[in-house]
Structure formats: structure tokens, C-alpha cells
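Text of the file start-v1.cif, holding mmCIF, C-alpha atoms and all ligand atoms:
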```
data_structure
#
loop_
_atom_site.group_PDB
_atom_site.id
_atom_site.type_symbol
_atom_site.label_atom_id
_atom_site.label_comp_id
_atom_site.auth_asym_id
_atom_site.auth_seq_id
_atom_site.Cartn_x
_atom_site.Cartn_y
_atom_site.Cartn_z
ATOM 1 C CA MET A 1 30.183 34.027 -85.096
ATOM 2 C CA ASN A 2 31.448 30.505 -84.757
ATOM 3 C CA ARG A 3 28.429 28.275 -84.206
ATOM 4 C CA LYS A 4 29.094 24.622 -84.936
ATOM 5 C CA PRO A 5 26.382 23.147 -87.175
ATOM 6 C CA LEU A 6 24.108 20.626 -85.508
ATOM 7 C CA ILE A 7 22.042 17.949 -87.245
ATOM 8 C CA ALA A 8 19.612 16.324 -84.817
ATOM 9 C CA GLY A 9 17.613 13.176 -85.605
ATOM 10 C CA ASN A 10 14.311 12.920 -83.701
ATOM 11 C CA TRP A 11 13.132 9.338 -84.016
ATOM 12 C CA LYS A 12 9.852 10.016 -82.177
ATOM 13 C CA MET A 13 7.922 6.861 -81.157
ATOM 14 C CA ASN A 14 9.676 4.671 -83.723
ATOM 15 C CA THR A 15 12.075 1.714 -83.507
ATOM 16 C CA THR A 16 12.192 -1.156 -81.063
ATOM 17 C CA THR A 17 15.450 -1.438 -79.133
ATOM 18 C CA GLY A 18 16.703 -4.000 -81.648
ATOM 19 C CA GLU A 19 15.863 -1.703 -84.558
ATOM 20 C CA ALA A 20 17.477 1.269 -82.818
ATOM 21 C CA VAL A 21 20.706 -0.641 -82.270
ATOM 22 C CA SER A 22 20.764 -1.828 -85.848
ATOM 23 C CA LEU A 23 20.067 1.666 -87.281
ATOM 24 C CA VAL A 24 22.897 3.203 -85.228
ATOM 25 C CA THR A 25 25.260 0.379 -86.164
ATOM 26 C CA GLN A 26 24.458 0.998 -89.823
ATOM 27 C CA MET A 27 24.929 4.787 -89.723
ATOM 28 C CA LEU A 28 27.767 5.247 -87.288
ATOM 29 C CA PRO A 29 30.839 4.480 -89.429
ATOM 30 C CA GLU A 30 29.759 6.962 -92.117
ATOM 31 C CA LEU A 31 28.659 9.644 -89.628
ATOM 32 C CA GLU A 32 32.024 9.419 -87.923
ATOM 33 C CA ARG A 33 33.807 10.187 -91.178
ATOM 34 C CA ILE A 34 32.031 13.553 -91.556
ATOM 35 C CA LYS A 35 33.926 16.297 -89.754
ATOM 36 C CA ASP A 36 32.996 19.760 -88.512
ATOM 37 C CA VAL A 37 29.318 18.938 -87.994
ATOM 38 C CA GLU A 38 27.812 17.851 -84.710
ATOM 39 C CA VAL A 39 25.328 15.000 -84.996
ATOM 40 C CA ALA A 40 22.858 14.024 -82.263
ATOM 41 C CA ILE A 41 20.259 11.281 -82.295
ATOM 42 C CA PHE A 42 17.117 11.052 -80.178
ATOM 43 C CA PRO A 43 15.851 7.464 -79.884
ATOM 44 C CA PRO A 44 12.952 6.451 -77.591
ATOM 45 C CA PHE A 45 13.750 6.339 -73.848
ATOM 46 C CA VAL A 46 14.062 2.536 -73.663
ATOM 47 C CA SER A 47 16.805 2.578 -76.293
ATOM 48 C CA LEU A 48 18.915 5.318 -74.707
ATOM 49 C CA ALA A 49 21.131 2.979 -72.671
ATOM 50 C CA PRO A 50 21.994 0.514 -75.459
ATOM 51 C CA VAL A 51 22.519 3.347 -77.948
ATOM 52 C CA TYR A 52 24.685 5.168 -75.395
ATOM 53 C CA ASP A 53 26.965 2.121 -75.304
ATOM 54 C CA LEU A 54 27.226 2.087 -79.096
ATOM 55 C CA LEU A 55 28.041 5.803 -79.247
ATOM 56 C CA ALA A 56 30.635 5.734 -76.457
ATOM 57 C CA TYR A 57 33.940 7.175 -77.766
ATOM 58 C CA SER A 58 32.223 8.255 -81.012
ATOM 59 C CA SER A 59 31.642 11.819 -82.207
ATOM 60 C CA VAL A 60 27.852 11.332 -82.294
ATOM 61 C CA SER A 61 25.836 12.691 -79.363
ATOM 62 C CA LEU A 62 22.758 11.274 -77.705
ATOM 63 C CA GLY A 63 19.593 13.062 -76.667
ATOM 64 C CA ALA A 64 16.153 12.420 -75.171
ATOM 65 C CA GLN A 65 12.868 13.480 -76.728
ATOM 66 C CA ASN A 66 11.333 14.848 -73.531
ATOM 67 C CA MET A 67 11.748 15.041 -69.749
ATOM 68 C CA HIS A 68 9.815 16.059 -66.634
ATOM 69 C CA TYR A 69 10.729 19.217 -64.745
ATOM 70 C CA GLU A 70 10.799 17.565 -61.302
ATOM 71 C CA GLU A 71 13.802 15.487 -60.248
ATOM 72 C CA LYS A 72 11.850 12.569 -58.778
ATOM 73 C CA GLY A 73 8.575 11.647 -57.138
ATOM 74 C CA ALA A 74 5.055 10.448 -57.834
ATOM 75 C CA TYR A 75 4.922 11.167 -61.561
ATOM 76 C CA THR A 76 4.052 7.781 -63.042
ATOM 77 C CA GLY A 77 5.505 7.261 -66.485
ATOM 78 C CA GLU A 78 7.816 10.279 -66.404
ATOM 79 C CA ILE A 79 11.607 10.607 -66.722
ATOM 80 C CA SER A 80 13.687 13.332 -65.060
ATOM 81 C CA ALA A 81 16.783 15.292 -66.025
ATOM 82 C CA LEU A 82 18.568 13.592 -63.140
ATOM 83 C CA MET A 83 17.947 10.207 -64.806
ATOM 84 C CA LEU A 84 18.982 11.426 -68.233
ATOM 85 C CA LYS A 85 22.119 13.334 -67.397
ATOM 86 C CA SER A 86 24.502 10.369 -67.328
ATOM 87 C CA LEU A 87 23.314 9.326 -70.811
ATOM 88 C CA CYS A 88 22.258 12.420 -72.715
ATOM 89 C CA LYS A 89 23.922 15.592 -73.903
ATOM 90 C CA TYR A 90 20.668 16.993 -75.310
ATOM 91 C CA VAL A 91 16.946 16.953 -74.611
ATOM 92 C CA ILE A 92 14.140 18.143 -76.890
ATOM 93 C CA ILE A 93 11.754 20.459 -75.049
ATOM 94 C CA GLY A 94 8.337 21.652 -76.193
ATOM 95 C CA HIS A 95 8.076 19.749 -79.468
ATOM 96 C CA SER A 96 4.759 20.688 -81.124
ATOM 97 C CA GLU A 97 3.541 17.102 -80.699
ATOM 98 C CA ARG A 98 4.058 17.459 -76.928
ATOM 99 C CA ARG A 99 2.295 20.819 -76.982
ATOM 100 C CA GLN A 100 -0.644 19.630 -79.087
ATOM 101 C CA LEU A 101 -1.124 16.041 -77.911
ATOM 102 C CA PHE A 102 0.060 16.217 -74.300
ATOM 103 C CA GLY A 103 -0.997 19.707 -73.223
ATOM 104 C CA GLU A 104 2.460 21.206 -72.696
ATOM 105 C CA ASN A 105 2.319 24.953 -72.347
ATOM 106 C CA ASN A 106 4.979 27.663 -72.198
ATOM 107 C CA GLU A 107 4.970 27.665 -68.395
ATOM 108 C CA ILE A 108 5.774 23.935 -68.234
ATOM 109 C CA ILE A 109 8.352 24.392 -70.977
ATOM 110 C CA ASN A 110 10.041 27.165 -68.983
ATOM 111 C CA LYS A 111 10.380 24.826 -65.972
ATOM 112 C CA LYS A 112 11.784 22.055 -68.159
ATOM 113 C CA LEU A 113 14.343 24.379 -69.756
ATOM 114 C CA LYS A 114 15.571 25.521 -66.358
ATOM 115 C CA LYS A 115 15.813 21.975 -65.046
ATOM 116 C CA ALA A 116 17.663 20.672 -68.110
ATOM 117 C CA LEU A 117 20.256 23.456 -67.971
ATOM 118 C CA GLN A 118 20.654 22.986 -64.221
ATOM 119 C CA ALA A 119 21.415 19.294 -64.839
ATOM 120 C CA GLY A 120 23.949 20.165 -67.547
ATOM 121 C CA ILE A 121 21.796 18.874 -70.424
ATOM 122 C CA THR A 122 21.471 21.155 -73.463
ATOM 123 C CA PRO A 123 17.814 21.765 -74.266
ATOM 124 C CA ILE A 124 16.569 22.043 -77.843
ATOM 125 C CA LEU A 125 13.535 24.277 -77.520
ATOM 126 C CA CYS A 126 10.983 23.791 -80.328
ATOM 127 C CA LEU A 127 8.804 26.625 -81.598
ATOM 128 C CA GLY A 128 6.441 26.889 -84.523
ATOM 129 C CA GLU A 129 3.205 28.364 -85.825
ATOM 130 C CA THR A 130 0.094 26.578 -87.080
ATOM 131 C CA LEU A 131 -1.052 26.828 -90.695
ATOM 132 C CA GLU A 132 -3.894 29.138 -89.591
ATOM 133 C CA HIS A 133 -1.422 31.533 -87.990
ATOM 134 C CA ARG A 134 0.876 31.417 -91.016
ATOM 135 C CA GLN A 135 -2.011 32.134 -93.394
ATOM 136 C CA ALA A 136 -3.254 34.967 -91.197
ATOM 137 C CA GLY A 137 0.208 36.586 -91.335
ATOM 138 C CA LEU A 138 0.782 35.873 -87.635
ATOM 139 C CA ALA A 139 3.852 33.610 -87.834
ATOM 140 C CA GLU A 140 6.322 36.175 -86.484
ATOM 141 C CA GLU A 141 3.993 37.211 -83.637
ATOM 142 C CA THR A 142 3.430 33.573 -82.676
ATOM 143 C CA ILE A 143 7.140 32.826 -82.511
ATOM 144 C CA SER A 144 7.991 35.924 -80.541
ATOM 145 C CA TYR A 145 5.105 35.187 -78.115
ATOM 146 C CA GLN A 146 6.280 31.580 -77.634
ATOM 147 C CA LEU A 147 9.816 32.796 -76.951
ATOM 148 C CA LYS A 148 8.835 35.532 -74.531
ATOM 149 C CA SER A 149 6.504 33.298 -72.561
ATOM 150 C CA SER A 150 8.837 30.291 -72.317
ATOM 151 C CA LEU A 151 12.226 31.978 -71.860
ATOM 152 C CA GLY A 152 11.660 33.970 -68.661
ATOM 153 C CA ASP A 153 14.554 34.064 -66.188
ATOM 154 C CA ILE A 154 16.711 31.238 -67.553
ATOM 155 C CA PRO A 155 20.297 31.090 -66.283
ATOM 156 C CA GLY A 156 22.609 29.682 -68.954
ATOM 157 C CA ILE A 157 20.276 30.618 -71.814
ATOM 158 C CA GLU A 158 23.270 30.876 -74.183
ATOM 159 C CA TYR A 159 23.657 27.072 -74.077
ATOM 160 C CA THR A 160 20.136 26.517 -75.388
ATOM 161 C CA VAL A 161 19.471 25.425 -78.974
ATOM 162 C CA ILE A 162 16.262 26.597 -80.635
ATOM 163 C CA ALA A 163 14.475 24.689 -83.394
ATOM 164 C CA TYR A 164 11.989 26.549 -85.551
ATOM 165 C CA GLU A 165 9.502 23.942 -86.723
ATOM 166 C CA PRO A 166 6.369 25.276 -88.410
ATOM 167 C CA ILE A 167 3.651 22.806 -87.428
ATOM 168 C CA TRP A 168 2.280 22.609 -90.972
ATOM 169 C CA ALA A 169 5.689 21.479 -92.237
ATOM 170 C CA ILE A 170 6.193 18.634 -89.742
ATOM 171 C CA GLY A 171 5.705 15.212 -91.310
ATOM 172 C CA SER A 172 3.707 16.754 -94.159
ATOM 173 C CA GLY A 173 6.262 16.688 -96.961
ATOM 174 C CA ILE A 174 5.662 20.458 -97.328
ATOM 175 C CA ASN A 175 8.857 22.135 -96.184
ATOM 176 C CA ALA A 176 8.998 25.867 -95.469
ATOM 177 C CA GLY A 177 10.875 28.076 -97.949
ATOM 178 C CA ALA A 178 14.390 28.993 -96.871
ATOM 179 C CA ASP A 179 13.600 32.734 -97.123
ATOM 180 C CA GLU A 180 10.574 32.309 -94.849
ATOM 181 C CA VAL A 181 12.727 30.391 -92.371
ATOM 182 C CA CYS A 182 15.452 33.056 -92.390
ATOM 183 C CA GLN A 183 12.874 35.747 -91.614
ATOM 184 C CA ILE A 184 11.768 33.791 -88.559
ATOM 185 C CA MET A 185 15.380 33.164 -87.494
ATOM 186 C CA ASP A 186 15.904 36.935 -87.517
ATOM 187 C CA VAL A 187 12.852 37.358 -85.288
ATOM 188 C CA ILE A 188 14.201 34.706 -82.905
ATOM 189 C CA ARG A 189 17.639 36.338 -82.632
ATOM 190 C CA LYS A 190 16.123 39.781 -82.216
ATOM 191 C CA THR A 191 13.775 38.591 -79.469
ATOM 192 C CA ILE A 192 16.576 36.840 -77.606
ATOM 193 C CA ALA A 193 18.742 39.934 -77.889
ATOM 194 C CA GLU A 194 15.897 41.948 -76.328
ATOM 195 C CA LEU A 195 15.513 39.439 -73.508
ATOM 196 C CA TYR A 196 19.128 38.452 -72.805
ATOM 197 C CA GLY A 197 21.427 40.690 -74.834
ATOM 198 C CA LYS A 198 23.325 40.372 -78.116
ATOM 199 C CA ALA A 199 26.005 37.953 -76.928
ATOM 200 C CA ALA A 200 23.412 35.337 -75.913
ATOM 201 C CA ALA A 201 21.479 35.886 -79.152
ATOM 202 C CA ASN A 202 24.628 35.325 -81.205
ATOM 203 C CA SER A 203 25.747 32.182 -79.429
ATOM 204 C CA ILE A 204 22.445 30.269 -79.575
ATOM 205 C CA ARG A 205 22.212 27.802 -82.454
ATOM 206 C CA LEU A 206 19.024 27.961 -84.519
ATOM 207 C CA LEU A 207 17.816 24.850 -86.342
ATOM 208 C CA TYR A 208 15.093 24.429 -88.920
ATOM 209 C CA GLY A 209 12.767 21.419 -88.730
ATOM 210 C CA GLY A 210 9.844 20.269 -90.878
ATOM 211 C CA SER A 211 10.079 17.760 -93.743
ATOM 212 C CA VAL A 212 13.855 18.154 -94.100
ATOM 213 C CA ASN A 213 15.345 15.496 -96.385
ATOM 214 C CA ASN A 214 18.565 14.955 -98.302
ATOM 215 C CA ILE A 215 17.175 16.801 -101.345
ATOM 216 C CA ASN A 216 16.107 20.035 -99.636
ATOM 217 C CA ALA A 217 18.579 20.173 -96.692
ATOM 218 C CA GLY A 218 21.163 22.223 -98.594
ATOM 219 C CA GLU A 219 18.645 25.068 -99.103
ATOM 220 C CA TYR A 220 18.646 25.658 -95.343
ATOM 221 C CA LEU A 221 22.152 24.632 -94.422
ATOM 222 C CA SER A 222 23.698 27.081 -96.894
ATOM 223 C CA ARG A 223 22.074 30.035 -95.097
ATOM 224 C CA GLU A 224 24.084 31.918 -92.552
ATOM 225 C CA SER A 225 21.219 32.366 -90.124
ATOM 226 C CA ILE A 226 20.380 28.622 -90.020
ATOM 227 C CA ASP A 227 22.791 26.578 -87.896
ATOM 228 C CA GLY A 228 21.442 23.116 -88.578
ATOM 229 C CA ALA A 229 18.348 20.945 -88.791
ATOM 230 C CA LEU A 230 16.016 18.928 -86.590
ATOM 231 C CA VAL A 231 15.068 15.959 -88.740
ATOM 232 C CA GLY A 232 12.168 13.591 -88.069
ATOM 233 C CA GLY A 233 11.149 11.037 -90.726
ATOM 234 C CA ALA A 234 14.387 11.235 -92.714
ATOM 235 C CA SER A 235 16.481 10.496 -89.617
ATOM 236 C CA LEU A 236 15.069 6.955 -89.579
ATOM 237 C CA LYS A 237 16.615 6.189 -92.968
ATOM 238 C CA ALA A 238 20.369 5.740 -92.782
ATOM 239 C CA ASP A 239 21.164 6.964 -96.318
ATOM 240 C CA GLN A 240 18.876 10.026 -96.007
ATOM 241 C CA PHE A 241 20.258 11.070 -92.628
ATOM 242 C CA ILE A 242 23.868 10.616 -93.709
ATOM 243 C CA GLY A 243 23.089 12.649 -96.851
ATOM 244 C CA ILE A 244 21.740 15.524 -94.744
ATOM 245 C CA VAL A 245 24.774 15.507 -92.438
ATOM 246 C CA ARG A 246 27.080 15.543 -95.486
ATOM 247 C CA GLN A 247 25.332 18.644 -96.788
ATOM 248 C CA ALA A 248 25.877 20.421 -93.474
ATOM 249 C CA CYS A 249 29.563 19.677 -93.877
ATOM 250 C CA GLN A 250 29.733 20.744 -97.530
ATOM 251 C CA THR A 251 27.911 24.028 -97.058
ATOM 252 C CA GLY A 252 30.277 24.822 -94.199
ATOM 253 C CA ILE A 253 27.618 26.630 -92.142
HETATM 254 P P1 LIG B 1 9.776 15.666 -89.947
HETATM 255 O O1 LIG B 1 9.722 15.946 -88.358
HETATM 256 O O2 LIG B 1 11.205 15.847 -90.377
HETATM 257 O O3 LIG B 1 9.298 14.251 -90.090
HETATM 258 O O4 LIG B 1 8.876 16.660 -90.591
HETATM 259 C C1 LIG B 1 10.469 16.977 -87.777
HETATM 260 C C2 LIG B 1 10.220 17.019 -86.290
HETATM 261 O O5 LIG B 1 9.095 16.813 -85.859
HETATM 262 O O6 LIG B 1 11.163 17.242 -85.497
#
```

Target encoding C-alpha cells, full file:
Amino acid sequence: MNRKPLIAGNWKMNTTTGEAVSLVTQMLPELERIKDVEVAIFPPFVSLAPVYDLLAYSSVSLGAQNMHYEEKGAYTGEISALMLKSLCKYVIIGHSERRQLFGENNEIINKKLKKALQAGITPILCLGETLEHRQAGLAEETISYQLKSSLGDIPGIEYTVIAYEPIWAIGSGINAGADEVCQIMDVIRKTIAELYGKAAANSIRLLYGGSVNNINAGEYLSRESIDGALVGGASLKADQFIGIVRQACQTGI
């Protein structure tokens, strides 16, 4: 199955517009030299337009960290797919920080996925279990529940990207073992095959996220069932991020 590797850099609520522009300017020449890997960066909303200009005609894609499921209206502080579609190829949906800090549930996530795909933006759906669930042996059940309750009736599901991000591994410096991650990737593909058939399950790219850095990235990127990484902290450091992208290229996933 020919799934192009994807390395996505989620900057979260970091960088002023000036810092965002300078980070992209620093990384871009080197990122452009690395072939056969797709790279996408996710700066804060206010930096999307200036970063879009910098990335124009480059091989690096742009994405947003969130969006609302309505197109427009009285939703103070929100941004819609309609507003993002001229700038962004990707949008992150259902990141655990959105679920935990901003009350996003699987029903809201389902609406966002549908709206993103309708607008022609590729959603990166984030899933992951808590430490309590992992320790209780409930990781696989949690992931399959999150999938089943957020993926109902989605036209164009095969264009979705899914990021498995165990919550205990995000920003903690404790990355999940590659074997553990592969087990979950198998559960994800199996669940999607049940819901939408084998062809959809085989075409969806599965990323791992949670304390990925340029030292441990190769452990994941060398595995056949892992198609890339969603990188937080390390995507804010030019040398680290470039190092991760290089490993995706070298391992030829
Ligand atoms: P981290 O974040 O790489 O800093 O752990 C990953 C994420 O939240 O997407």
C-alpha cells in the first residue's frame, strides 16, 4: 500500500507572528531538500496568512489546529472551514487538549470531520487513551470506542488522517513503545475496515504523536503500520524537526 509518509508539526499556542515567520524561514530550505516525505506545519491562526505566503510554491503544507463545524454565524472567537480552505490543506480535529480543556466530544468531532472534508480540507483526527485507561488494560477499547463514536457516516473517510496520541505521552517526555503503538494501529485499521471496508482502512494514514523527537522518531517511522508522526514540542526547534523529517525519508516508510 502506497501511503506517503507525513510529518506534521503542531505548534499549539506558541510563537508570535514574527517568531512563526522566522522559524519557517529557518527551516524551509532544508525541509525542501528532503524528498518523498510530506511535511505540514500548524502555526496559530493569526500566523496562517503570513506563513501561507512563505510556503507558496514550496513542498511544505499548511494546516490549522482546530475549526468550528458551522460555516459562519454568531460563534464569537471561532474559525470555520470556509475561512480556512483558501489557506490550509489540513486541520487537526479532536486533539486531546481540545477534548480535555475545551469540552470537545465525539459528536462535535464528527461534525467537524464532515465539515472539513466537505470544504476539501484533510482532517487529522486525534485519538488517545489516558494513563488510567492504559494501566487498566483499556487502551484498545478506548481507541475503538473513540473511532466508532466519532466516525459515523462520513463521506470521503479515506482522505482522513488519524493520529494516535496517548494522552500520557503528550508533552511528558515519556514516549510510547513502538510495539505498543503498532498494536493500536492494528486496532485502528481493523475498526475502520469494519466501519468502511478494507480499501478505506488501507488508504488512511496513521500517525503516532507523543514526545516524538529526533532521537526516538526512527523507532516509529521504520514500522510499516506507522505512516508518520504528529510532533508538538520538537516541531518548534528547527534542527529537531528537520532531523525527524530526515528520518522519515531514510526509513522509507
Ligand atoms: P508533543 O505533542 O510532541 O509535545 O508530545 C504532541 C501533540 O500534542 O500533538

(message) To one decimal place in Å, what is the distance between CA of Ala81 in chain A and CA of Arg98 in chain A?
(response)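 Interatomic distance, CA of Ala81 in chain A to CA of Arg98 in chain A: 16.9 Å.
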
(request) For the structure shown, which residues end up in the PyMOL selection byres (((not hetatm)) within 7 of (chain B and resi 1))? Put them as number ranges by chain, please? (result) A: 10, 165, 169-173, 209-212, 230-234

Would you mind exporting the chosen residues as a JSON list (two decimals), in the frame of the given file, restricted to C-alpha atoms?
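The result, written out as out-v4.json:
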```
[["chain", "number", "residue", "atom", "x", "y", "z"],
["A", 10, "ASN", "CA", 14.31, 12.92, -83.70],
["A", 165, "GLU", "CA", 9.50, 23.94, -86.72],
["A", 169, "ALA", "CA", 5.69, 21.48, -92.24],
["A", 170, "ILE", "CA", 6.19, 18.63, -89.74],
["A", 171, "GLY", "CA", 5.70, 15.21, -91.31],
["A", 172, "SER", "CA", 3.71, 16.75, -94.16],
["A", 173, "GLY", "CA", 6.26, 16.69, -96.96],
["A", 209, "GLY", "CA", 12.77, 21.42, -88.73],
["A", 210, "GLY", "CA", 9.84, 20.27, -90.88],
["A", 211, "SER", "CA", 10.08, 17.76, -93.74],
["A", 212, "VAL", "CA", 13.86, 18.15, -94.10],
["A", 230, "LEU", "CA", 16.02, 18.93, -86.59],
["A", 231, "VAL", "CA", 15.07, 15.96, -88.74],
["A", 232, "GLY", "CA", 12.17, 13.59, -88.07],
["A", 233, "GLY", "CA", 11.15, 11.04, -90.73],
["A", 234, "ALA", "CA", 14.39, 11.24, -92.71]]
```

(request) Using the chain letters and numbering of this document, enumerate as a ChimeraX atom specification the residues selected by the PyMOL selection byres (((chain A and resi 235) around 12) and not hetatm). (result) /A:7-12,14-15,20,23-24,27,39-43,171,209-214,229-234,236-245

(message) Using all atoms listed in the file, which protein or nucleic acid residues come within 8 Å of range 125-131 of chain A? Drop anything in the same chain fewer than 6 positions from it, and give the result as a PyMOL selection string.
(response) chain A and resi 92-96+113+139+142-143+146-147+160-168

(message) Measuring between all atoms listed in the file, which one of A:Val37, A:Ser80, A:Leu87, A:Lys198 shows the shortest distance to Asp53 in chain A?
(response)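 Smallest separation from Asp53 in chain A among the options: A:Leu87.
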
(request) Record the distance separating CA of Leu138 in chain A and CA of Leu151 in chain A, expressed in Å with one decimal. (result) 19.9 Å

Would you compute the box with edges along x, y and z of the file around range 172-180 of chain A, including every atom the file lists for it and 6 Å extra on each side, and give its centre and edge lengths in Å to one decimal, as JSON?
```
{"center_x": 9.0, "center_y": 24.7, "center_z": -96.1, "size_x": 22.7, "size_y": 28.0, "size_z": 15.8}
```

(request) Report the residues retrieved by the PyMOL selection byres (((chain A and resi 46-49) around 10) and not hetatm) from the displayed file, expressed as a PyMOL selection string. (result) chain A and resi 15-21+41-45+50-55+62-64+84+86-88

Mind checking which residues fall within 8 Å of Thr122 in chain A, counting all atoms listed in the file, ignoring those fewer than 3 positions away in the same chain, and posting them as a compact mmCIF listing (two decimals) with C-alpha atoms, in the frame of the given file?
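Wrote it out as out-v6.txt, contents follow:
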```txt
# COMPACT_ATOMS: atom_id res chain seq x y z
CA LYS A 89 23.92 15.59 -73.90
CA TYR A 90 20.67 16.99 -75.31
CA VAL A 91 16.95 16.95 -74.61
CA ALA A 116 17.66 20.67 -68.11
CA LEU A 117 20.26 23.46 -67.97
CA TYR A 159 23.66 27.07 -74.08
CA THR A 160 20.14 26.52 -75.39
CA VAL A 161 19.47 25.42 -78.97
```

(request) Go through A:Gln250, A:Thr191, A:Tyr145, A:Ile121 one by one, measure the shortest atom-to-atom distance of each to Asn106 in chain A using only C-alpha atoms, and give the residue with the smallest value. (result)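 Selected residue with least distance to Asn106 in chain A: A:Tyr145.
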
(message) Just checking: using only C-alpha atoms, which residue out of A:Lys35, A:Lys114, A:His68, A:Lys190 ends up closest to Ser144 in chain A?
(response)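 Looking at the shortest contact to Ser144 in chain A, the residue is A:Lys190.
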
(request) Could you check how far CA of Gly156 in chain A sits from CA of Ala193 in chain A, in Å to one decimal? (result) 14.1 Å

(message) Under the rule that only C-alpha atoms are counted, which of A:Ser225, A:Ser150, A:Asn66, A:Gln135 is the nearest residue to Leu195 in chain A?
(response) A:Ser150

(request) Between A:Glu180, A:Gln118, A:Glu107, A:Lys112, single out the one closest to Glu140 in chain A, counting all atoms listed in the file. (result)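 For Glu140 in chain A, the nearest of the candidates is A:Glu180.
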